[in-house]
>>> print(open('work-v8.cif').read())   # mmCIF, C-alpha atoms
data_model
#
loop_
_atom_site.label_atom_id
_atom_site.label_comp_id
_atom_site.auth_asym_id
_atom_site.auth_seq_id
_atom_site.Cartn_x
_atom_site.Cartn_y
_atom_site.Cartn_z
CA MET A 299 181.63 74.05 15.33
CA ASP A 300 180.83 73.37 18.94
CA LYS A 301 182.01 70.01 20.20
CA LYS A 302 179.18 67.61 20.93
CA PRO A 303 179.28 65.77 24.22
CA SER A 304 178.62 62.07 24.53
CA PRO A 305 174.96 61.18 23.97
CA LYS A 306 175.17 58.39 26.56
CA LYS A 307 172.33 58.62 29.01
CA ALA A 308 173.02 59.00 32.71
CA PRO A 309 170.96 59.55 35.86
CA GLY A 310 169.17 62.88 35.74
CA PHE A 311 167.96 64.93 38.67
CA CYS A 312 168.43 62.05 41.15
CA SER A 313 172.18 62.00 40.58
CA LEU A 314 175.28 63.02 42.47
CA ARG A 315 176.05 66.05 40.30
CA TYR A 316 172.60 67.48 40.98
CA GLY A 317 173.16 66.71 44.65
CA LEU A 318 176.30 68.85 44.48
CA ALA A 319 174.27 71.63 42.86
CA LEU A 320 171.75 71.53 45.71
CA ILE A 321 174.52 71.60 48.32
CA MET A 322 176.06 74.64 46.61
CA HIS A 323 172.59 76.19 46.41
CA PHE A 324 172.14 75.96 50.18
CA SER A 325 175.76 77.00 50.74
CA ASN A 326 175.11 80.20 48.79
CA PHE A 327 171.81 80.51 50.66
CA THR A 328 173.66 80.25 53.97
CA MET A 329 176.36 82.76 53.08
CA ILE A 330 173.94 85.50 52.09
CA THR A 331 171.53 84.89 55.00
CA GLN A 332 174.35 85.09 57.53
CA ARG A 333 175.59 88.37 56.07
CA VAL A 334 172.17 89.99 55.99
CA SER A 335 171.35 88.50 59.41
CA LEU A 336 174.23 90.46 60.88
CA SER A 337 172.83 93.71 59.48
CA ILE A 338 169.39 92.96 60.91
CA ALA A 339 170.69 91.77 64.27
CA ILE A 340 172.89 94.84 64.75
CA ILE A 341 169.81 97.05 64.58
CA ALA A 342 168.03 94.92 67.16
CA MET A 343 171.09 94.83 69.41
CA VAL A 344 171.40 98.61 69.34
CA ASN A 345 167.71 99.02 70.15
CA SER A 346 167.92 96.58 73.06
CA SER A 347 170.86 98.46 74.55
CA GLN A 348 169.22 101.90 74.34
CA PRO A 349 167.46 103.38 77.39
CA HIS A 350 163.68 103.12 77.29
CA GLY A 351 162.21 105.77 75.05
CA LEU A 352 165.43 106.37 73.12
CA SER A 353 165.22 103.41 70.73
CA ASN A 354 166.63 103.61 67.27
CA ALA A 355 164.08 104.85 64.76
CA SER A 356 164.36 101.57 62.89
CA ALA A 357 162.80 99.66 65.77
CA GLU A 358 159.46 99.86 64.04
CA GLY A 359 160.94 98.15 61.02
CA PRO A 360 164.11 96.13 61.57
CA LEU A 361 164.87 96.03 57.87
CA ALA A 362 164.61 99.73 57.26
CA ASP A 363 168.21 100.67 57.90
CA THR A 364 169.52 97.56 56.15
CA LEU A 365 167.57 98.30 52.99
CA SER A 366 168.03 102.05 52.92
CA ASP A 367 171.82 102.14 53.43
CA PRO A 368 173.45 102.01 49.98
CA SER A 369 176.85 101.01 51.32
CA THR A 370 175.33 98.01 53.10
CA SER A 371 173.22 97.00 50.11
CA ILE A 372 176.07 97.06 47.61
CA LYS A 373 178.26 95.13 50.03
CA GLU A 374 175.68 92.37 50.34
CA PHE A 375 175.07 92.37 46.58
CA ASN A 376 178.74 91.90 45.67
CA THR A 377 180.03 89.71 48.50
CA GLY A 378 180.46 85.96 48.18
CA GLY A 379 182.68 86.36 45.13
CA MET A 380 185.38 84.01 46.44
CA ALA A 381 182.90 81.22 47.15
CA TRP A 382 181.10 81.65 43.82
CA THR A 383 184.45 81.74 42.01
CA GLY A 384 185.63 78.58 43.73
CA GLN A 385 182.49 76.72 42.71
CA PHE A 386 183.43 77.17 39.06
CA THR A 387 186.55 75.08 39.67
CA ILE A 388 184.25 72.22 40.63
CA TRP A 389 181.84 72.69 37.73
CA ALA A 390 184.72 72.64 35.24
CA LYS A 391 185.15 68.94 36.12
CA TRP A 392 181.61 67.99 37.15
CA ALA A 393 179.23 69.71 34.72
CA PRO A 394 178.64 68.10 31.28
CA PRO A 395 178.36 70.79 28.57
CA LEU A 396 174.65 70.10 28.06
CA GLU A 397 173.94 70.57 31.77
CA ARG A 398 176.16 73.51 32.67
CA SER A 399 173.33 76.02 32.63
CA LYS A 400 171.09 73.84 34.82
CA LEU A 401 173.72 72.97 37.40
CA THR A 402 175.27 76.41 37.76
CA THR A 403 171.93 78.21 37.94
CA ILE A 404 170.58 75.81 40.56
CA ALA A 405 173.67 76.49 42.64
CA GLY A 406 173.81 80.23 42.04
CA SER A 407 170.12 80.86 42.69
CA GLY A 408 170.71 80.10 46.37
CA ALA A 409 172.01 83.61 47.00
CA ALA A 410 168.88 85.31 45.67
CA PHE A 411 166.63 82.80 47.44
CA GLY A 412 168.52 83.39 50.68
CA SER A 413 168.01 87.13 50.36
CA PHE A 414 164.30 86.56 49.85
CA ILE A 415 163.98 84.36 52.94
CA ILE A 416 166.03 86.49 55.31
CA LEU A 417 164.24 89.69 54.31
CA CYS A 418 160.90 87.98 54.85
CA VAL A 419 161.57 86.35 58.22
CA GLY A 420 164.67 88.06 59.65
CA GLY A 421 162.78 90.92 61.26
CA LEU A 422 160.01 88.62 62.46
CA ILE A 423 162.48 86.28 64.15
CA SER A 424 164.19 89.21 65.81
CA GLN A 425 160.93 90.59 67.17
CA ALA A 426 159.28 87.28 68.13
CA LEU A 427 162.22 85.23 69.47
CA GLY A 428 164.98 87.76 69.94
CA TRP A 429 167.94 88.71 67.79
CA PRO A 430 170.20 85.81 68.94
CA PHE A 431 167.85 83.31 67.29
CA ILE A 432 168.68 84.79 63.89
CA PHE A 433 172.21 83.47 64.36
CA TYR A 434 171.08 80.22 65.96
CA ILE A 435 168.77 79.31 63.09
CA PHE A 436 170.85 80.35 60.08
CA GLY A 437 174.11 79.42 61.78
CA SER A 438 172.78 75.89 62.29
CA ILE A 439 171.87 75.70 58.62
CA GLY A 440 175.40 76.83 57.82
CA CYS A 441 176.90 74.06 59.98
CA VAL A 442 174.82 71.45 58.15
CA CYS A 443 175.91 72.82 54.78
CA CYS A 444 179.53 72.83 55.91
CA LEU A 445 179.28 69.19 56.99
CA LEU A 446 177.70 68.21 53.68
CA TRP A 447 180.33 70.17 51.77
CA PHE A 448 183.27 68.39 53.39
CA THR A 449 181.72 64.94 53.09
CA VAL A 450 180.08 65.06 49.64
CA ILE A 451 182.05 67.56 47.54
CA TYR A 452 185.09 66.15 45.69
CA ASP A 453 187.36 67.81 43.15
CA ASP A 454 186.32 65.52 40.29
CA PRO A 455 184.00 62.56 39.70
CA THR A 456 186.81 60.05 39.16
CA HIS A 457 187.82 60.18 42.83
CA HIS A 458 184.34 60.30 44.37
CA PRO A 459 183.62 57.14 46.37
CA CYS A 460 179.83 57.29 46.04
CA ILE A 461 179.28 58.12 42.38
CA SER A 462 177.74 55.45 40.17
CA VAL A 463 179.79 53.96 37.37
CA ARG A 464 177.27 55.09 34.75
CA GLU A 465 177.27 58.71 35.95
CA LYS A 466 181.06 58.78 36.21
CA GLU A 467 181.43 57.47 32.65
CA HIS A 468 178.87 59.99 31.41
CA ILE A 469 180.67 62.98 32.95
CA VAL A 470 184.15 61.83 31.93
CA ALA A 471 183.05 61.11 28.36
CA SER A 472 181.24 64.44 28.00
CA LEU A 473 184.36 66.32 29.15
CA ALA A 474 186.84 64.20 27.18
CA HIS A 475 187.76 67.14 24.94
CA GLN A 476 188.88 69.15 27.98
CA SER A 477 192.37 68.95 29.41
CA SER A 478 192.49 66.91 32.63
CA SER A 479 196.05 67.73 33.66
CA PRO A 480 196.72 70.47 36.21
CA ARG A 481 197.56 73.84 34.70
CA ARG A 482 201.16 75.01 34.93
CA SER A 483 200.79 78.75 34.61
CA VAL A 484 198.24 81.40 33.76
CA PRO A 485 198.64 82.80 30.21
CA ILE A 486 197.97 86.41 31.16
CA LYS A 487 199.16 87.89 27.87
CA ALA A 488 197.01 85.58 25.79
CA MET A 489 194.02 86.32 28.00
CA ALA A 490 194.53 90.06 27.66
CA ARG A 491 194.47 89.76 23.85
CA CYS A 492 191.38 87.52 23.80
CA LEU A 493 188.30 89.39 22.59
CA PRO A 494 185.84 86.67 23.71
CA LEU A 495 187.09 87.20 27.27
CA TRP A 496 186.65 90.94 26.99
CA ALA A 497 183.12 90.27 25.76
CA ILE A 498 182.48 88.35 29.00
CA PHE A 499 184.05 91.09 31.13
CA THR A 500 181.96 93.74 29.36
CA GLY A 501 178.83 91.67 29.95
CA PHE A 502 179.59 91.44 33.67
CA PHE A 503 180.20 95.19 33.84
CA SER A 504 176.87 95.97 32.16
CA HIS A 505 174.94 93.37 34.17
CA PHE A 506 176.17 94.57 37.55
CA TRP A 507 175.71 98.24 36.64
CA LEU A 508 171.91 98.15 36.56
CA CYS A 509 171.41 95.37 39.09
CA THR A 510 173.43 97.23 41.72
CA ILE A 511 171.33 100.35 41.22
CA ILE A 512 168.08 98.44 41.66
CA ILE A 513 169.23 96.49 44.70
CA THR A 514 170.86 99.51 46.33
CA TYR A 515 168.33 102.24 45.61
CA LEU A 516 165.05 100.30 45.52
CA PRO A 517 163.67 101.79 48.78
CA THR A 518 164.96 105.25 47.89
CA TYR A 519 163.25 105.20 44.51
CA ILE A 520 159.92 104.07 45.90
CA SER A 521 159.92 106.62 48.71
CA SER A 522 161.13 109.58 46.61
CA VAL A 523 159.16 108.96 43.42
CA LEU A 524 155.99 107.26 44.66
CA HIS A 525 156.18 108.91 48.08
CA VAL A 526 155.49 105.58 49.75
CA ASN A 527 157.70 104.20 52.50
CA VAL A 528 158.12 100.49 51.77
CA ARG A 529 161.33 100.04 53.72
CA ASP A 530 159.41 98.57 56.63
CA SER A 531 157.91 95.86 54.44
CA GLY A 532 160.34 92.97 54.30
CA VAL A 533 158.10 90.92 51.99
CA LEU A 534 157.77 93.70 49.39
CA SER A 535 161.47 94.43 49.47
CA SER A 536 162.26 90.74 49.01
CA LEU A 537 160.12 90.23 45.89
CA PRO A 538 162.91 91.17 43.44
CA PHE A 539 165.06 88.43 44.97
CA ILE A 540 162.51 85.65 44.56
CA ALA A 541 161.95 86.80 40.97
CA ALA A 542 165.70 86.68 40.38
CA SER A 543 166.00 83.21 41.90
CA SER A 544 163.08 81.83 39.85
CA CYS A 545 164.28 83.32 36.56
CA THR A 546 167.79 82.03 37.18
CA ILE A 547 166.63 78.41 37.50
CA LEU A 548 164.07 78.61 34.70
CA GLY A 549 166.61 80.21 32.39
CA GLY A 550 169.09 77.42 33.06
CA GLN A 551 166.48 74.75 32.36
CA LEU A 552 165.43 76.40 29.10
CA ALA A 553 169.00 76.95 27.93
CA ASP A 554 170.00 73.31 28.37
CA PHE A 555 166.70 72.18 26.85
CA LEU A 556 167.53 74.09 23.67
CA LEU A 557 171.00 72.54 23.64
CA SER A 558 169.95 68.97 24.40
CA ARG A 559 167.34 69.01 21.61
CA ASN A 560 169.88 70.48 19.17
CA LEU A 561 167.53 73.41 18.54
CA LEU A 562 170.32 75.97 18.86
CA ARG A 563 174.10 75.90 18.89
CA LEU A 564 175.94 76.58 22.14
CA ILE A 565 177.15 80.04 21.15
CA THR A 566 173.64 80.93 19.96
CA VAL A 567 172.18 79.97 23.35
CA ARG A 568 174.84 81.99 25.20
CA LYS A 569 174.21 85.07 23.06
CA LEU A 570 170.43 84.67 23.23
CA PHE A 571 170.27 84.56 27.02
CA SER A 572 172.89 87.28 27.36
CA SER A 573 170.85 89.50 25.06
CA LEU A 574 167.61 88.83 26.91
CA GLY A 575 169.31 89.40 30.26
CA LEU A 576 170.58 92.80 29.15
CA LEU A 577 167.79 93.97 26.84
CA LEU A 578 164.67 93.16 28.90
CA PRO A 579 165.79 94.92 32.11
CA SER A 580 166.89 97.89 30.01
CA LEU A 581 163.42 98.19 28.53
CA CYS A 582 161.90 98.00 32.01
CA ALA A 583 164.31 100.65 33.30
CA VAL A 584 163.59 103.03 30.43
CA ALA A 585 159.84 102.60 31.03
CA LEU A 586 160.05 103.41 34.74
CA PRO A 587 160.07 107.24 34.44
CA PHE A 588 156.94 107.11 32.26
CA VAL A 589 154.88 105.00 34.68
CA ALA A 590 155.90 106.74 37.89
CA SER A 591 152.29 107.69 38.56
CA SER A 592 151.27 104.04 38.81
CA TYR A 593 152.41 102.34 42.01
CA VAL A 594 151.56 98.80 40.86
CA THR A 595 153.22 99.14 37.44
CA THR A 596 156.34 100.62 39.01
CA ILE A 597 156.64 97.77 41.51
CA ILE A 598 156.16 95.19 38.74
CA LEU A 599 158.92 96.75 36.65
CA LEU A 600 161.25 96.97 39.64
CA ILE A 601 160.68 93.26 40.28
CA LEU A 602 161.15 92.33 36.61
CA ILE A 603 164.49 94.11 36.28
CA PRO A 604 166.54 91.81 38.54
CA GLY A 605 164.42 88.84 37.48
CA THR A 606 165.00 89.16 33.73
CA SER A 607 168.56 90.33 34.32
CA ASN A 608 169.43 86.95 35.81
CA LEU A 609 168.82 85.28 32.46
CA CYS A 610 172.45 86.26 31.92
CA ASP A 611 173.35 83.39 34.25
CA SER A 612 172.81 81.08 31.26
CA GLY A 613 174.76 83.42 29.00
CA PHE A 614 178.08 85.15 29.49
CA ILE A 615 178.16 84.49 33.24
CA ILE A 616 179.01 80.81 32.69
CA ASN A 617 180.77 81.38 29.38
CA THR A 618 184.20 80.98 30.98
CA LEU A 619 183.38 77.28 31.40
CA ASP A 620 183.05 77.09 27.62
CA VAL A 621 186.05 79.12 26.45
CA ALA A 622 188.59 78.24 29.16
CA PRO A 623 187.45 75.54 31.61
CA ARG A 624 191.03 75.15 32.94
CA TYR A 625 190.97 78.75 34.14
CA ALA A 626 187.24 79.14 34.81
CA SER A 627 187.58 80.09 38.49
CA PHE A 628 190.40 82.57 37.83
CA LEU A 629 188.46 84.23 35.02
CA MET A 630 185.28 84.28 37.08
CA GLY A 631 187.18 86.19 39.76
CA ILE A 632 188.30 88.78 37.20
CA SER A 633 184.78 88.98 35.78
CA ARG A 634 183.27 89.65 39.19
CA GLY A 635 185.94 92.28 39.70
CA PHE A 636 184.61 94.11 36.64
CA GLY A 637 181.12 93.74 38.09
CA LEU A 638 182.22 95.18 41.42
CA ILE A 639 183.81 98.17 39.69
CA ALA A 640 180.57 98.71 37.76
CA GLY A 641 178.57 98.58 40.99
CA ILE A 642 180.76 101.16 42.67
CA ILE A 643 180.64 103.54 39.70
CA SER A 644 176.90 103.13 39.08
CA SER A 645 175.89 103.60 42.71
CA THR A 646 178.12 106.67 43.03
CA ALA A 647 176.80 108.16 39.79
CA THR A 648 173.21 107.45 40.85
CA GLY A 649 173.71 109.20 44.17
CA PHE A 650 175.13 112.24 42.40
CA LEU A 651 172.44 112.46 39.73
CA ILE A 652 169.44 112.13 42.06
CA SER A 653 170.96 114.65 44.46
CA GLN A 654 170.79 117.30 41.72
CA ASP A 655 167.16 116.78 40.77
CA SER A 656 165.03 113.81 41.71
CA VAL A 657 162.80 113.56 38.63
CA SER A 658 165.36 114.25 35.91
CA GLY A 659 168.04 112.50 37.95
CA TRP A 660 166.19 109.17 38.02
CA ARG A 661 165.39 109.47 34.33
CA ASN A 662 169.07 110.01 33.52
CA VAL A 663 170.04 107.11 35.78
CA PHE A 664 167.80 104.65 33.95
CA PHE A 665 168.68 105.93 30.48
CA LEU A 666 172.39 105.71 31.28
CA SER A 667 171.94 102.19 32.64
CA ALA A 668 170.11 101.13 29.49
CA ALA A 669 172.92 102.58 27.36
CA VAL A 670 175.53 100.64 29.34
CA ASN A 671 173.50 97.45 28.97
CA MET A 672 173.10 97.94 25.23
CA PHE A 673 176.83 98.46 24.82
CA GLY A 674 177.53 95.25 26.73
CA MET A 675 174.94 93.33 24.71
CA PHE A 676 176.25 94.38 21.30
CA PHE A 677 179.86 93.84 22.33
CA TYR A 678 179.10 90.31 23.51
CA ILE A 679 177.03 89.50 20.42
CA THR A 680 179.91 90.67 18.23
CA PHE A 681 182.88 89.07 19.98
CA GLY A 682 181.43 86.33 22.21
CA GLN A 683 182.44 82.72 21.51
CA ALA A 684 181.76 79.32 23.03
CA GLU A 685 184.74 77.30 21.81
CA ILE A 686 187.75 76.49 23.96
CA GLN A 687 190.42 79.05 23.15
CA ASP A 688 193.81 77.88 21.88
CA TRP A 689 195.66 79.30 24.89
CA ALA A 690 193.36 77.31 27.20
CA LYS A 691 194.17 73.97 25.61
CA GLU A 692 196.73 71.62 27.08
CA LYS A 693 198.91 71.50 24.00
CA THR A 694 199.73 75.19 24.27
CA MET A 695 200.78 75.04 27.89
CA THR A 696 204.22 73.60 27.09
CA ARG A 697 205.08 76.81 25.27
CA LEU A 698 204.08 79.19 28.08
#
>>> encode(input="work-v8.cif", output="structure tokens")
Amino acid sequence: MDKKPSPKKAPGFCSLRYGLALIMHFSNFTMITQRVSLSIAIIAMVNSSQPHGLSNASAEGPLADTLSDPSTSIKEFNTGGMAWTGQFTIWAKWAPPLERSKLTTIAGSGAAFGSFIILCVGGLISQALGWPFIFYIFGSIGCVCCLLWFTVIYDDPTHHPCISVREKEHIVASLAHQSSSPRRSVPIKAMARCLPLWAIFTGFFSHFWLCTIIITYLPTYISSVLHVNVRDSGVLSSLPFIAASSCTILGGQLADFLLSRNLLRLITVRKLFSSLGLLLPSLCAVALPFVASSYVTTIILLILIPGTSNLCDSGFIINTLDVAPRYASFLMGISRGFGLIAGIISSTATGFLISQDSVSGWRNVFFLSAAVNMFGMFFYITFGQAEIQDWAKEKTMTRL
């Protein structure tokens, strides 16, 4: 049975732990905007240095090269792993079990929201104010986030000088079943034999497989299948990101609502949102080849894929906090490594398949992606767990 946290009430949204989530949200926002800003500014810098009449072709749309270069897109999609991994170390000591989905999704949604904002206004800032202002504006936001991070973020609630007594007691009591002592070593062998961990790794692999394809090849698909060049439209290209950000937060709220009302067990919630996050985008992907003649329907499906896919953020993506909170950041790093490998393989395979034949190539790409997602879903449903594993408990560490 899943361990039940303390029912003691504590401050809700107007609390320090939610303040930490907002700071991490804007930190993730800052990291992604600064990375994409560099891609946008480079185009503007090149154009400004060219002799008159020899400007780069992307001058008419500063986002065109950024969005149409697969190597750039996959880099932006997979970067930030170290920061995101490090945040799980904090949530292992700050997030009560009934609020893990809310807190982590609020924090993690900053990356998608940042992508939406920078793709909407990055080109406009470059054209209206000049490319240096891209760095001035988003760099200033980054400085503010950095200042807040160093002054507000603490390793655990017991040492925070500003936390209320009631909130501190609530967090400590809810995490009483977790080990509070520092880990001595990493039980690699036990981890390698743990099927629930492999279920998480498989989920990451499947999740990143399809998401990388959509993020990387979105402009290519629209231009080659619908014969419409949308690369110059920053707003249209940013819509999948705002859908992803919204679904991430809403999924976290719904997941913790189901847990707090005792409607579903923890493992049931994790498997439900993992299944939805892998099944729904697969259905959308499989439907794409059959609605290629409809521009509006195709755009809607392309927006829904990353949006529904981010329901996984309340499933296996935070599952390491359940099964091994002592090693959550380490395991998150490994999980994202599996996701990165999936992104590299899927983008390479997509490039090869569509180079052979556009129509059949795209159909095979989406069918293959759906198959990978289904494998990840069934594997996680079969082997996924939400209880702290024996090797992750303090009592086992003396034997390692």
>>> resolve_selection(input="work-v8.cif", expression="the PyMOL selection byres ((chain A and resi 668) around 12)", output="mmCIF file with C-alpha atoms, keeping the file's coordinate frame")
data_model
loop_
_atom_site.group_PDB
_atom_site.id
_atom_site.type_symbol
_atom_site.label_atom_id
_atom_site.label_comp_id
_atom_site.auth_asym_id
_atom_site.auth_seq_id
_atom_site.Cartn_x
_atom_site.Cartn_y
_atom_site.Cartn_z
ATOM 1 C CA SER A 504 176.870 95.970 32.160
ATOM 2 C CA HIS A 505 174.940 93.370 34.170
ATOM 3 C CA TRP A 507 175.710 98.240 36.640
ATOM 4 C CA LEU A 508 171.910 98.150 36.560
ATOM 5 C CA CYS A 509 171.410 95.370 39.090
ATOM 6 C CA ILE A 511 171.330 100.350 41.220
ATOM 7 C CA GLY A 575 169.310 89.400 30.260
ATOM 8 C CA LEU A 576 170.580 92.800 29.150
ATOM 9 C CA LEU A 577 167.790 93.970 26.840
ATOM 10 C CA LEU A 578 164.670 93.160 28.900
ATOM 11 C CA PRO A 579 165.790 94.920 32.110
ATOM 12 C CA SER A 580 166.890 97.890 30.010
ATOM 13 C CA LEU A 581 163.420 98.190 28.530
ATOM 14 C CA CYS A 582 161.900 98.000 32.010
ATOM 15 C CA ALA A 583 164.310 100.650 33.300
ATOM 16 C CA VAL A 584 163.590 103.030 30.430
ATOM 17 C CA ALA A 585 159.840 102.600 31.030
ATOM 18 C CA LEU A 586 160.050 103.410 34.740
ATOM 19 C CA ILE A 603 164.490 94.110 36.280
ATOM 20 C CA SER A 607 168.560 90.330 34.320
ATOM 21 C CA SER A 644 176.900 103.130 39.080
ATOM 22 C CA ARG A 661 165.390 109.470 34.330
ATOM 23 C CA ASN A 662 169.070 110.010 33.520
ATOM 24 C CA VAL A 663 170.040 107.110 35.780
ATOM 25 C CA PHE A 664 167.800 104.650 33.950
ATOM 26 C CA PHE A 665 168.680 105.930 30.480
ATOM 27 C CA LEU A 666 172.390 105.710 31.280
ATOM 28 C CA SER A 667 171.940 102.190 32.640
ATOM 29 C CA ALA A 669 172.920 102.580 27.360
ATOM 30 C CA VAL A 670 175.530 100.640 29.340
ATOM 31 C CA ASN A 671 173.500 97.450 28.970
ATOM 32 C CA MET A 672 173.100 97.940 25.230
ATOM 33 C CA PHE A 673 176.830 98.460 24.820
ATOM 34 C CA GLY A 674 177.530 95.250 26.730
ATOM 35 C CA MET A 675 174.940 93.330 24.710
#
>>> closest_residue(input="work-v8.cif", among="A:Ser472, A:Thr456, A:Thr500, A:Ser335", to="Pro430 (chain A)", atoms="only C-alpha atoms")
A:Ser335
>>> closest_residue(input="work-v8.cif", among="A:Ile639, A:Ile652, A:Leu524, A:Leu609", to="Thr595 (chain A)", atoms="all atoms listed in the file")
A:Leu524
>>> atom_distance(input="work-v8.cif", atom1="CA of Ser413 (chain A)", atom2="CA of Phe502 (chain A)")
20.8 Å
>>> resolve_selection(input="work-v8.cif", expression="the PyMOL selection byres ((chain A and resi 536) around 8)", output="PyMOL selection string")
chain A and resi 413-415+417-418+532-535+537-540
>>> resolve_selection(input="work-v8.cif", expression="the PyMOL selection byres ((chain A and resi 593) around 10)", output="list in words")
Ile520, Val523, Leu524, His525, Val526, Val589, Ala590, Ser591, Ser592, Val594, Thr595, Thr596, Ile597 and Ile598 of chain A
>>> closest_residue(input="work-v8.cif", among="A:Gly613, A:Phe499, A:Ile601, A:Ser645", to="Phe677 (chain A)", atoms="all atoms listed in the file")
A:Phe499
>>> atom_distance(input="work-v8.cif", atom1="CA of Ala541 (chain A)", atom2="CA of Leu574 (chain A)")
15.3 Å
>>> closest_residue(input="work-v8.cif", among="A:Leu638, A:Ala622, A:Val334, A:Met329", to="Met489 (chain A)", atoms="all atoms listed in the file")
A:Ala622
>>> atom_distance(input="work-v8.cif", atom1="CA of Leu318 (chain A)", atom2="CA of Ile547 (chain A)")
15.3 Å
>>> axis_aligned_box(input="work-v8.cif", around="region 582-599 of chain A", padding_each_side="3 Å", output="AutoDock Vina command-line options")
--center_x 157.8 --center_y 101.4 --center_z 36.2 --size_x 19.0 --size_y 18.5 --size_z 17.6
>>> decode(input="work-v8.cif", residues="region 547-561 of chain A", atoms="N, CA and C atoms", output="mmCIF file, in the first residue's frame")
data_model
loop_
_atom_site.group_PDB
_atom_site.id
_atom_site.type_symbol
_atom_site.label_atom_id
_atom_site.label_comp_id
_atom_site.auth_asym_id
_atom_site.auth_seq_id
_atom_site.Cartn_x
_atom_site.Cartn_y
_atom_site.Cartn_z
ATOM 1 N N ILE A 547 0.732 21.990 -16.397
ATOM 2 C CA ILE A 547 0.207 22.513 -15.134
ATOM 3 C C ILE A 547 -1.148 21.899 -14.801
ATOM 4 N N LEU A 548 -2.030 21.825 -15.778
ATOM 5 C CA LEU A 548 -3.363 21.263 -15.525
ATOM 6 C C LEU A 548 -3.276 19.796 -15.135
ATOM 7 N N GLY A 549 -2.369 19.058 -15.775
ATOM 8 C CA GLY A 549 -2.191 17.656 -15.422
ATOM 9 C C GLY A 549 -1.717 17.488 -13.991
ATOM 10 N N GLY A 550 -0.793 18.348 -13.565
ATOM 11 C CA GLY A 550 -0.310 18.280 -12.195
ATOM 12 C C GLY A 550 -1.401 18.584 -11.181
ATOM 13 N N GLN A 551 -2.224 19.582 -11.483
ATOM 14 C CA GLN A 551 -3.328 19.925 -10.586
ATOM 15 C C GLN A 551 -4.325 18.774 -10.476
ATOM 16 N N LEU A 552 -4.650 18.163 -11.615
ATOM 17 C CA LEU A 552 -5.624 17.068 -11.605
ATOM 18 C C LEU A 552 -5.068 15.843 -10.890
ATOM 19 N N ALA A 553 -3.799 15.547 -11.113
ATOM 20 C CA ALA A 553 -3.197 14.372 -10.478
ATOM 21 C C ALA A 553 -3.233 14.483 -8.959
ATOM 22 N N ASP A 554 -2.820 15.629 -8.432
ATOM 23 C CA ASP A 554 -2.812 15.794 -6.981
ATOM 24 C C ASP A 554 -4.227 15.925 -6.412
ATOM 25 N N PHE A 555 -5.160 16.410 -7.221
ATOM 26 C CA PHE A 555 -6.556 16.444 -6.781
ATOM 27 C C PHE A 555 -7.071 15.024 -6.564
ATOM 28 N N LEU A 556 -6.777 14.138 -7.489
ATOM 29 C CA LEU A 556 -7.207 12.745 -7.364
ATOM 30 C C LEU A 556 -6.573 12.078 -6.151
ATOM 31 N N LEU A 557 -5.325 12.445 -5.851
ATOM 32 C CA LEU A 557 -4.644 11.865 -4.693
ATOM 33 C C LEU A 557 -5.176 12.432 -3.382
ATOM 34 N N SER A 558 -5.346 13.755 -3.337
ATOM 35 C CA SER A 558 -5.769 14.390 -2.089
ATOM 36 C C SER A 558 -7.183 13.994 -1.684
ATOM 37 N N ARG A 559 -8.030 13.669 -2.662
ATOM 38 C CA ARG A 559 -9.399 13.239 -2.361
ATOM 39 C C ARG A 559 -9.512 11.728 -2.205
ATOM 40 N N ASN A 560 -8.368 11.034 -2.243
ATOM 41 C CA ASN A 560 -8.327 9.576 -2.115
ATOM 42 C C ASN A 560 -9.189 8.872 -3.165
ATOM 43 N N LEU A 561 -9.295 9.483 -4.337
ATOM 44 C CA LEU A 561 -10.063 8.876 -5.426
ATOM 45 C C LEU A 561 -9.287 7.757 -6.097
#
